[in-house]
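Undergrad: First the structure, which I've put down as structure tokens, then a few questions once you've had a look.
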There are 6 protein chains.
Amino acid sequence: MAATQFHHDESLLDLIDRVGDLKFLPRTGWLLAGVTGAESVADHSCGVALIALFLAETINADWTAQGIDEPLRVDQVMALALIHDLAESLLTDLPRRSSSLLGESVKHSVETQAMHEILDHLPNGAYYHNLWQSYNTASTPEARLIKDVDKLEMAAQALRYAQRGHRNLQEFWQGRHWHYPISQSLFEQLLRRHLPDAL
Amino acid sequence: MAATQFHHDESLLDLIDRVGDLKFLPRTGWLLAGVTGAESVADHSCGVALIALFLAETINADWTAQGIDEPLRVDQVMALALIHDLAESLLTDLPRRSSSLLGESVKHSVETQAMHEILDHLPNGAYYHNLWQSYNTASTPEARLIKDVDKLEMAAQALRYAQRGHRNLQEFWQGRHWHYPISQSLFEQLLRRHLPDAL
Amino acid sequence: MAATQFHHDESLLDLIDRVGDLKFLPRTGWLLAGVTGAESVADHSCGVALIALFLAETINADWTAQGIDEPLRVDQVMALALIHDLAESLLTDLPRRSSSLLGESVKHSVETQAMHEILDHLPNGAYYHNLWQSYNTASTPEARLIKDVDKLEMAAQALRYAQRGHRNLQEFWQGRHWHYPISQSLFEQLLRRHLPDAL
Amino acid sequence: MAATQFHHDESLLDLIDRVGDLKFLPRTGWLLAGVTGAESVADHSCGVALIALFLAETINADWTAQGIDEPLRVDQVMALALIHDLAESLLTDLPRRSSSLLGESVKHSVETQAMHEILDHLPNGAYYHNLWQSYNTASTPEARLIKDVDKLEMAAQALRYAQRGHRNLQEFWQGRHWHYPISQSLFEQLLRRHLPDAL
Amino acid sequence: MAATQFHHDESLLDLIDRVGDLKFLPRTGWLLAGVTGAESVADHSCGVALIALFLAETINADWTAQGIDEPLRVDQVMALALIHDLAESLLTDLPRRSSSLLGESVKHSVETQAMHEILDHLPNGAYYHNLWQSYNTASTPEARLIKDVDKLEMAAQALRYAQRGHRNLQEFWQGRHWHYPISQSLFEQLLRRHLPDAL
Amino acid sequence: MAATQFHHDESLLDLIDRVGDLKFLPRTGWLLAGVTGAESVADHSCGVALIALFLAETINADWTAQGIDEPLRVDQVMALALIHDLAESLLTDLPRRSSSLLGESVKHSVETQAMHEILDHLPNGAYYHNLWQSYNTASTPEARLIKDVDKLEMAAQALRYAQRGHRNLQEFWQGRHWHYPISQSLFEQLLRRHLPDAL
């Protein structure tokens with residue numbers, strides 16, 4: 001077996017372990033709000049990917065109306081969704097107050113290290129690392145879509161927990177800003193469908 | 001709002017509800033084996049998508065060695081992974097014995113209905129419906145990859161539960177057949193890493 | 001050991017396995033409504049049996065007032081309660097939308113197969129199979145009582161979850177029709193006790 | 001509404017609350033052994049009732065071989081199974097070490113009070129109270145059968161948890177004594193099926 | 001090894017087992033109210049100890065204002081908090097209705113036995129046994145503080161569950177009486193912070 | 001109300017919120033090992049405090065034999081145990097690999113900030129902050145005892161999970177170094193009692 005092949009295989013096995021971590025780790029924000037049976041990071045990533053896929057298709061059906069210069073690259077949309085929280089498999093999901101104690105730059109630095117550790121020996125790893133960096137800087141239309149869907153998916157989950165009775169989750173859907181008009185429109189329809197009292 | 005747009009939006013909201021279902025539904029095979037805190041269908045789909053993405057990249061780095069005529073279309077790989085169990089959001093995850101009482105053709109028929117219900121009003125819905133049918137018939141190299149990863153990911157999860165102590169999960173990794181040589185090789189390395197006694 | 005005895009023993013051991021399945025399987029309707037720690041099918045069956053036992057005794061204390069021609073056979077009431085969801089040990093609990101995709105006749109057919117598989121080699125299996133069929137057709141006063149208690153017990157559980165805060169469970173107690181006047185009366189008193197705002 | 005009817009209705013509503021308690025209360029022995037997702041008291045009662053029903057039918061198919069003078073009364077078997085742990089809905093499931101600190105007679109006395117509170121206003125309550133007392137004294141063939149099935153069902157559940165990996169549950173199946181030869185035989189076959197190493 | 005040392009070691013190992021019990025045992029009152037993922041007895045004890053520590057420091061900063069003759073002994077406050085529910089490691093957490101069926105004197109007697117079993121061979125065991133008896137009789141300022149914090153901590157937890165949506169927990173915070181003015185003041189501020197509608 | 005009193009009260013209410021966080025947050029190391037129903041940080045803190053209390057008493061009964069110059073201050077032992085992980089209420093429990101990506105000094109710095117935020121307005125807050133710093137530097141006999149008990153308690157919990165079947169927890173008890181001879185002795189006896197195969 002060639003050395004490169006060996007590294008790829010080891011890295012794929014490591015990736016499979018990271019997938020296990022994403023399933024075992026609950027989203028910390030829900031825990032601190034007292035949610036039981038909180039969704040995993042993997043649950044959230046799956047949700048973001050599915051929603052982003054069909055939201056991208058919706059945008060592409062009439063992309064000029066959403067203020068972009070060319071159709072979204074759907075493969076990048078899906079890949080970004082799948083890896084946007086992958087660093088959490090090593091770092092766990094740090095809640096907002098933990099991040100603010102760490103500071104944005106320290107947080108970004110450890111996440112970058114984590115992503116190097118996960119991706120560097122994977123085939124095309126550098127490409128996906130750069131893609132992930134584009135997410136952090138919201139520097140492409142695809143990255144901005146995932147920023148929107150990350151918040152939209154979290155709001156949808158918060159509304160599901162609100163249906164269970166939770167009264168302390170407003171922070172998870174209030175005061176959101178959106179890159180795409182359709183994200184805002186979907187969000188408002190979502191609120192109307194699941195929490196009409198909130199409007 | 002045009003009628004089509006309205007249908008798209010309603011269908012996107014419905015899709016967000018389906019995502020919630022995938023998170024709330026545990027994989028039934030684990031339940032029947034007595035697993036507590038069993039992964040959700042969404043957990044599994046996320047795992048399949050992440051592993052399939054990088055396994056496809058690995059194959060594409062040297063695709064002739066894996067017996068295919070052209071590189072895998074990575075966008076199809078990801079999309080297939082994300083939707084391969086989407087019908088379960090309406091039907092729940094029917095365990096093997098339940099499926100065998102139903103019969104393959106009845107099962108396929110209700111899954112097809114469910115996928116129509118989920119996808120028909122989504123943009124490009126017909127494209128994704130056909131993609132999903134290709135998965136059922138394993139008729140493309142991408143579909144065959146997802147068939148492999150579906151089993152590989154399940155085996156990896158079974159090995160995680162075996163690390164917890166479960167002694168009755170052999171059926172989840174034994175007797176697997178693989179479309180790609182690299183799937184088989186990864187599977188064997190996985191067993192060696194996590195359950196060396198099993199070899 | 002005679003062949004019949006052997007079959008009985010194997011079938012009793014299989015039945016003990018089915019009991020394990022009923023304990024491990026959550027009621028799917030609750031899962032889809034986002035309930036955590038959802039009751040098992042066995043929990044529900046126990047509840048139906050206990051309530052049906054004492055409701056039957058109540059009816060029998062003044063059976064003419066409930067519009068029946070002779071007292072209820074309490075042994076049938078209990079047996080029906082215990083086996084009414086036994087097919088779910090093989091098939092899992094199919095939620096309403098799953099059943100409606102399958103269609104009533106397909107669903108009944110697979111349940112019948114499942115019940116044959118479970119009961120056929122048990123002593124008096126045919127008797128209990130017929131008893132279970134009487135439940136499906138609501139063809140006896142005892143079967144009609146279990147139909148009522150199945151709904152009453154589900155409503156009581158929905159009200160417990162509503163006490164936890166769930167706001168989306170109305171479908172589990174609304175629009176019920178009752179075979180016995182006392183079922184309706186009990187249901188209304190139950191609502192009054194646990195959810196006075198609903199009235 | 002006559003006063004008796006009123007008491008019956010209130011008592012039936014209270015009974016429905018007791019059913020809720022039986023579902024919410026885990027079996028304490030499992031908790032102390034570190035079992036997660038431990039079965040409820042209702043789970044266990046359902047299991048005892050189902051197994052006892054078909055074990056009674058098996059015995060009745062050849063009752064002289066089991067050393068009894070007449071066939072078992074199957075209605076009593078089911079009723080006993082359903083109420084044998086009903087006092088726990090008020091008292092919770094006291095583990096063995098708790099019971100031995102209390103002493104047998106104190107424990108029996110509070111259970112008796114609890115059963116009076118639950119049953120006294122139910123129709124035929126006195127009959128079921130006496131039936132339950134026959135269980136405590138193992139004074140009838142039906143009561144002795146439930147004594148056997150109570151242990152058999154617990155052993156079966158312990159074996160399910162042992163399949164999950166638990167190594168500290170031997171006390172839940174070792175050193176059992178049986179009233180009926182068929183109970184012992186079933187127990188041995190159960191061990192052989194699920195824990196062949198234990199023999 | 002001297003015999004005394006041996007007893008100490010065995011008792012310390014037993015104590016470590018008791019700690020495990022306190023972690024595995026949920027607080028029963030929450031279970032009966034339908035709470036999922038209910039806190040453990042150890043969770044509660046930790047909460048009581050932390051709150052009592054800083055409440056004692058607050059009182060000691062101006063102890064004459066709280067009507068005591070000398071500052072609270074903070075070491076006793078912490079020790080009392082840690083052992084006040086230690087008997088539950090052997091007896092489990094008996095809910096109020098169970099205690100009232102047992103009667104206060106029987107309950108106190110079995111708890112005393114349990115505490116003897118746990119503490120007698122530990123170093124200074126008699127001192128801690130007496131300390132625990134002072135808690136039962138509320139005979140010292142430190143004991144009365146723990147009485148207050150036991151209720152305050154339970155109310156705080158009930159309010160957390162009320163934030164989850166629970167509507168049936170008023171009994172856990174209503175009608176409390178307090179030994180210290182500051183306990184009452186804190187309790188009222190707690191209600192105002194977490195459940196303003198309740199005031 | 002004087003300004004200082006107001007700050008104390010607000011800080012006590014905040015502390016009560018921090019207690020809630022410690023209960024809701026699972027220990028992350030267990031999650032990543034696949035443990036379900038993992039203990040909370042509060043569970044662990046309670047265990048450390050109870051064990052440390054009686055281990056300190058044991059040491060004090062013959063303190064010269066443990067190489068210290070004067071008896072342990074038991075009040076400091078308990079207070080240290082209760083606050084040693086208190087920063088996690090704001091930061092969550094960072095697993096080892098997360099800490100090593102952050103680096104020791106960054107981690108210590110954010111924990112120090114968190115402890116300032118929690119303690120600064122509490123009465124005697126500076127004293128407890130200094131006490132907590134002594135834990136980080138292991139600069140007192142009491143701090144070193146808590147270092148030992150922190151590891152001992154974790155090992156005990158790992159052994160409980162190993163009793164459940166977990167096969168991948170050796171890292172939680174292997175290669176430990178102890179400040180006190182009695183800690184090592186207790187640890188060895190603990191292994192002998194609960195995992196004799198490991199020796």
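Letters A, B, ... mark the chains of the structure tokens in the order given; residue numbers begin at 1 per chain; ligand numbers begin at 1, in order shown.
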For a quick test of understanding: name the residues of chain A lying within 6 Å of chain E when counting only C-alpha atoms, and present them as a PyMOL selection string.
TA: chain A and resi 165-167
Undergrad: I'd like the neighbourhood of region 62-64 of chain D as a list of chain:residue names, where a residue qualifies if any of its atoms comes within 12 Å (using only C-alpha atoms), though same-chain residues fewer than 4 positions away should be ignored.
TA: C:Thr4, C:Gln5, C:His8, C:Pro123, D:Leu55, D:Ala56, D:Glu57, D:Thr58, D:Ile68, D:Asp69, D:Glu70, D:Pro71, D:Leu72, D:Arg73, D:Pro141, D:Tyr180, D:Pro181, D:Ile182
Undergrad: Neighbours of Leu12 (chain A) within 12 Å (only C-alpha atoms; same-chain residues fewer than 5 positions away dropped), as a ChimeraX atom specification?
TA: /A:5-7,17-19,118-123,125 /B:50-59,152-153,182-183,185-187,189-190
Undergrad: Would you pick out the contacts of Thr92 (chain C) at 9 Å or less, using only C-alpha atoms, so that residues sharing its chain but fewer than 3 positions from it are not included, and give the list as a ChimeraX atom specification?
TA: /B:28,94-95,98 /C:21-22,25-28,87-89
Undergrad: Print the selection's residues with C-alpha atoms to a file, as a tab-separated table (two decimals), in the first residue's frame.
TA:
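result.tsv written:
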chain	number	residue	atom	x	y	z
B	28	THR	CA	-35.74	0.81	14.74
B	94	LEU	CA	-39.50	-0.38	9.21
B	95	PRO	CA	-37.24	-3.11	10.57
B	98	SER	CA	-41.57	-5.85	9.22
C	21	ASP	CA	-40.03	-6.03	21.87
C	22	LEU	CA	-43.20	-4.43	23.26
C	25	LEU	CA	-40.74	-0.08	21.19
C	26	PRO	CA	-42.00	3.43	21.90
C	27	ARG	CA	-45.45	4.44	20.68
C	28	THR	CA	-44.63	6.18	17.41
C	87	ALA	CA	-48.66	-7.60	16.30
C	88	GLU	CA	-46.64	-4.43	16.84
C	89	SER	CA	-43.93	-6.53	18.44
Undergrad: What is the distance between CA of Leu80 (chain D) and CA of Trp132 (chain C), in Å to one decimal?
TA: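 Calculated distance between CA of Leu80 (chain D) and CA of Trp132 (chain C) is 21.8 Å.
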Undergrad: Kindly give the distance, in Å, that separates CA of Lys151 (chain F) and CA of Asp93 (chain E), rounded to a single decimal.
TA: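 It comes out at 28.1 Å.
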Undergrad: What gap, in Å, lies between CA of Met78 (chain D) and CA of Gly175 (chain D)?
TA: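 A separation of 26.0 Å between them.
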Undergrad: Return as an MDAnalysis selection string the full set of residues in chain E whose backbone-based DSSP assignment is alpha helix (DSSP H).
TA: chainID E and resid 3:24 28:32 41:61 74:83 88:91 96:102 104:119 125:137 141:164 181:194
